[in-house]
Amino acid sequence: MKFIEKRETSERFYSVDYNKEKLKEILEKLKDYSYVTICHCHVAGDITRWPATERSIKKRVISSFNSRKRYGSATLIPETIVHHTENNCDYVTYDYSYIKLPDLYDYIDLIINDRSIINYTGLFGKVTEEKTGTLNMFYAAAHQDQLVLEGILNYVNSPELTNHSSINDEKEYDYKGLNELYKETLECFNFNLIAIKDF
């Protein structure tokens, strides 16, 4: 893997080695750190077609949600379905809950199972191309190593490592254990400096 560290006056280029076997062990342990979270969604189109009574829209949302679940464990929260009309545009918002693995699981999965970043829009869907500043998953695919390593290094700032509102589990969540697994993950990587480019 390759990684570029950007500083104010220089760029440092690294080759990155990692302990695949240890990362596989961590990946298995991370399966014990799933949690229930709530996601907000909005839809338009056929959901709001005529006749657009509140009852018919709610029925369409429930039917549509159940027919194409994004997550196998997803559960719609019907009381959150709201029909909006703004600037001659109709759309519906609603919330659903689902069981989610920590983002750290996905970062490691991308590396050790050689997955494509294109399938991880939840993690990288906001990646923008540096030159244009626009969303570009093709840009993300071309810079996969960089983005995945940045994701792992910046996971230290993840709210998943602390007591935060996106975790809606009744059970006591083991934040300390997740922090330990993150520390072990960082220890699996070795950054070897190969060049420095000064500006």
# chains A, B, ... in the order shown; residues from 1 in each chain; ligands from 1
$ select_by_dssp --residues "stretch 46-122 of chain A" --states "alpha helix (DSSP H)" --output "ChimeraX atom specification"
/A:54-67,103-112,121-122
$ write_last_selection --atoms "N, CA and C atoms" --output "PDB file, in the first residue's frame"
ATOM      1  N   GLU A  54     -51.927  11.296   3.289  1.00  0.00           N
ATOM      2  CA  GLU A  54     -50.925  10.883   4.272  1.00  0.00           C
ATOM      3  C   GLU A  54     -50.949   9.364   4.471  1.00  0.00           C
ATOM      4  N   ARG A  55     -52.147   8.802   4.433  1.00  0.00           N
ATOM      5  CA  ARG A  55     -52.281   7.355   4.630  1.00  0.00           C
ATOM      6  C   ARG A  55     -51.661   6.576   3.464  1.00  0.00           C
ATOM      7  N   SER A  56     -51.949   7.019   2.224  1.00  0.00           N
ATOM      8  CA  SER A  56     -51.418   6.296   1.064  1.00  0.00           C
ATOM      9  C   SER A  56     -49.897   6.424   0.979  1.00  0.00           C
ATOM     10  N   ILE A  57     -49.364   7.592   1.344  1.00  0.00           N
ATOM     11  CA  ILE A  57     -47.914   7.792   1.314  1.00  0.00           C
ATOM     12  C   ILE A  57     -47.244   6.904   2.353  1.00  0.00           C
ATOM     13  N   LYS A  58     -47.811   6.851   3.540  1.00  0.00           N
ATOM     14  CA  LYS A  58     -47.244   6.011   4.598  1.00  0.00           C
ATOM     15  C   LYS A  58     -47.232   4.543   4.165  1.00  0.00           C
ATOM     16  N   LYS A  59     -48.338   4.109   3.539  1.00  0.00           N
ATOM     17  CA  LYS A  59     -48.449   2.726   3.067  1.00  0.00           C
ATOM     18  C   LYS A  59     -47.385   2.444   2.004  1.00  0.00           C
ATOM     19  N   ARG A  60     -47.154   3.390   1.087  1.00  0.00           N
ATOM     20  CA  ARG A  60     -46.147   3.214   0.030  1.00  0.00           C
ATOM     21  C   ARG A  60     -44.734   3.148   0.610  1.00  0.00           C
ATOM     22  N   VAL A  61     -44.459   4.005   1.593  1.00  0.00           N
ATOM     23  CA  VAL A  61     -43.133   3.998   2.219  1.00  0.00           C
ATOM     24  C   VAL A  61     -42.880   2.655   2.885  1.00  0.00           C
ATOM     25  N   ILE A  62     -43.850   2.166   3.638  1.00  0.00           N
ATOM     26  CA  ILE A  62     -43.696   0.883   4.329  1.00  0.00           C
ATOM     27  C   ILE A  62     -43.494  -0.241   3.322  1.00  0.00           C
ATOM     28  N   SER A  63     -44.300  -0.246   2.258  1.00  0.00           N
ATOM     29  CA  SER A  63     -44.187  -1.282   1.228  1.00  0.00           C
ATOM     30  C   SER A  63     -42.839  -1.229   0.527  1.00  0.00           C
ATOM     31  N   SER A  64     -42.416  -0.023   0.149  1.00  0.00           N
ATOM     32  CA  SER A  64     -41.138   0.161  -0.542  1.00  0.00           C
ATOM     33  C   SER A  64     -39.976  -0.240   0.357  1.00  0.00           C
ATOM     34  N   PHE A  65     -40.043   0.169   1.619  1.00  0.00           N
ATOM     35  CA  PHE A  65     -38.968  -0.148   2.559  1.00  0.00           C
ATOM     36  C   PHE A  65     -38.828  -1.651   2.756  1.00  0.00           C
ATOM     37  N   ASN A  66     -39.947  -2.329   2.912  1.00  0.00           N
ATOM     38  CA  ASN A  66     -39.911  -3.764   3.147  1.00  0.00           C
ATOM     39  C   ASN A  66     -39.483  -4.558   1.919  1.00  0.00           C
ATOM     40  N   SER A  67     -39.728  -4.029   0.724  1.00  0.00           N
ATOM     41  CA  SER A  67     -39.385  -4.763  -0.492  1.00  0.00           C
ATOM     42  C   SER A  67     -37.909  -4.659  -0.853  1.00  0.00           C
ATOM     43  N   ASP A 103     -17.238   1.269  12.014  1.00  0.00           N
ATOM     44  CA  ASP A 103     -16.583   1.634  10.755  1.00  0.00           C
ATOM     45  C   ASP A 103     -15.201   0.994  10.649  1.00  0.00           C
ATOM     46  N   LEU A 104     -14.541   0.793  11.777  1.00  0.00           N
ATOM     47  CA  LEU A 104     -13.219   0.165  11.776  1.00  0.00           C
ATOM     48  C   LEU A 104     -13.277  -1.212  11.119  1.00  0.00           C
ATOM     49  N   TYR A 105     -14.375  -1.927  11.332  1.00  0.00           N
ATOM     50  CA  TYR A 105     -14.553  -3.235  10.699  1.00  0.00           C
ATOM     51  C   TYR A 105     -14.484  -3.086   9.175  1.00  0.00           C
ATOM     52  N   ASP A 106     -15.192  -2.110   8.634  1.00  0.00           N
ATOM     53  CA  ASP A 106     -15.221  -1.917   7.177  1.00  0.00           C
ATOM     54  C   ASP A 106     -13.851  -1.519   6.630  1.00  0.00           C
ATOM     55  N   TYR A 107     -13.135  -0.653   7.341  1.00  0.00           N
ATOM     56  CA  TYR A 107     -11.797  -0.257   6.881  1.00  0.00           C
ATOM     57  C   TYR A 107     -10.875  -1.479   6.779  1.00  0.00           C
ATOM     58  N   ILE A 108     -10.895  -2.317   7.812  1.00  0.00           N
ATOM     59  CA  ILE A 108     -10.037  -3.505   7.809  1.00  0.00           C
ATOM     60  C   ILE A 108     -10.495  -4.496   6.744  1.00  0.00           C
ATOM     61  N   ASP A 109     -11.809  -4.654   6.618  1.00  0.00           N
ATOM     62  CA  ASP A 109     -12.371  -5.555   5.611  1.00  0.00           C
ATOM     63  C   ASP A 109     -11.924  -5.154   4.200  1.00  0.00           C
ATOM     64  N   LEU A 110     -11.901  -3.870   3.930  1.00  0.00           N
ATOM     65  CA  LEU A 110     -11.442  -3.369   2.629  1.00  0.00           C
ATOM     66  C   LEU A 110     -10.012  -3.802   2.335  1.00  0.00           C
ATOM     67  N   ILE A 111      -9.172  -3.787   3.355  1.00  0.00           N
ATOM     68  CA  ILE A 111      -7.756  -4.100   3.164  1.00  0.00           C
ATOM     69  C   ILE A 111      -7.523  -5.602   3.034  1.00  0.00           C
ATOM     70  N   ILE A 112      -7.968  -6.363   4.011  1.00  0.00           N
ATOM     71  CA  ILE A 112      -7.558  -7.774   4.032  1.00  0.00           C
ATOM     72  C   ILE A 112      -8.360  -8.645   3.078  1.00  0.00           C
ATOM     73  N   THR A 121     -20.117   3.248  -0.037  1.00  0.00           N
ATOM     74  CA  THR A 121     -20.521   4.651  -0.155  1.00  0.00           C
ATOM     75  C   THR A 121     -20.896   5.244   1.200  1.00  0.00           C
ATOM     76  N   GLY A 122     -21.311   4.401   2.138  1.00  0.00           N
ATOM     77  CA  GLY A 122     -21.615   4.909   3.478  1.00  0.00           C
ATOM     78  C   GLY A 122     -20.401   5.528   4.140  1.00  0.00           C
TER      79      GLY A 122
END
$ atom_distance --atom1 "atom CA of A:Lys31" --atom2 "atom CA of A:Pro102"
8.5 Å
$ residues_around --residues "A:Phe13" --least-positions-apart "3" --cutoff "8 Å" --atoms "only C-alpha atoms" --output "MDAnalysis selection string"
chainID A and resid 2:5 193:196
$ residues_around --residues "A:Tyr96" --least-positions-apart "3" --cutoff "6 Å" --atoms "only C-alpha atoms" --output "PyMOL selection string"
chain A and resi 38-39+75-77
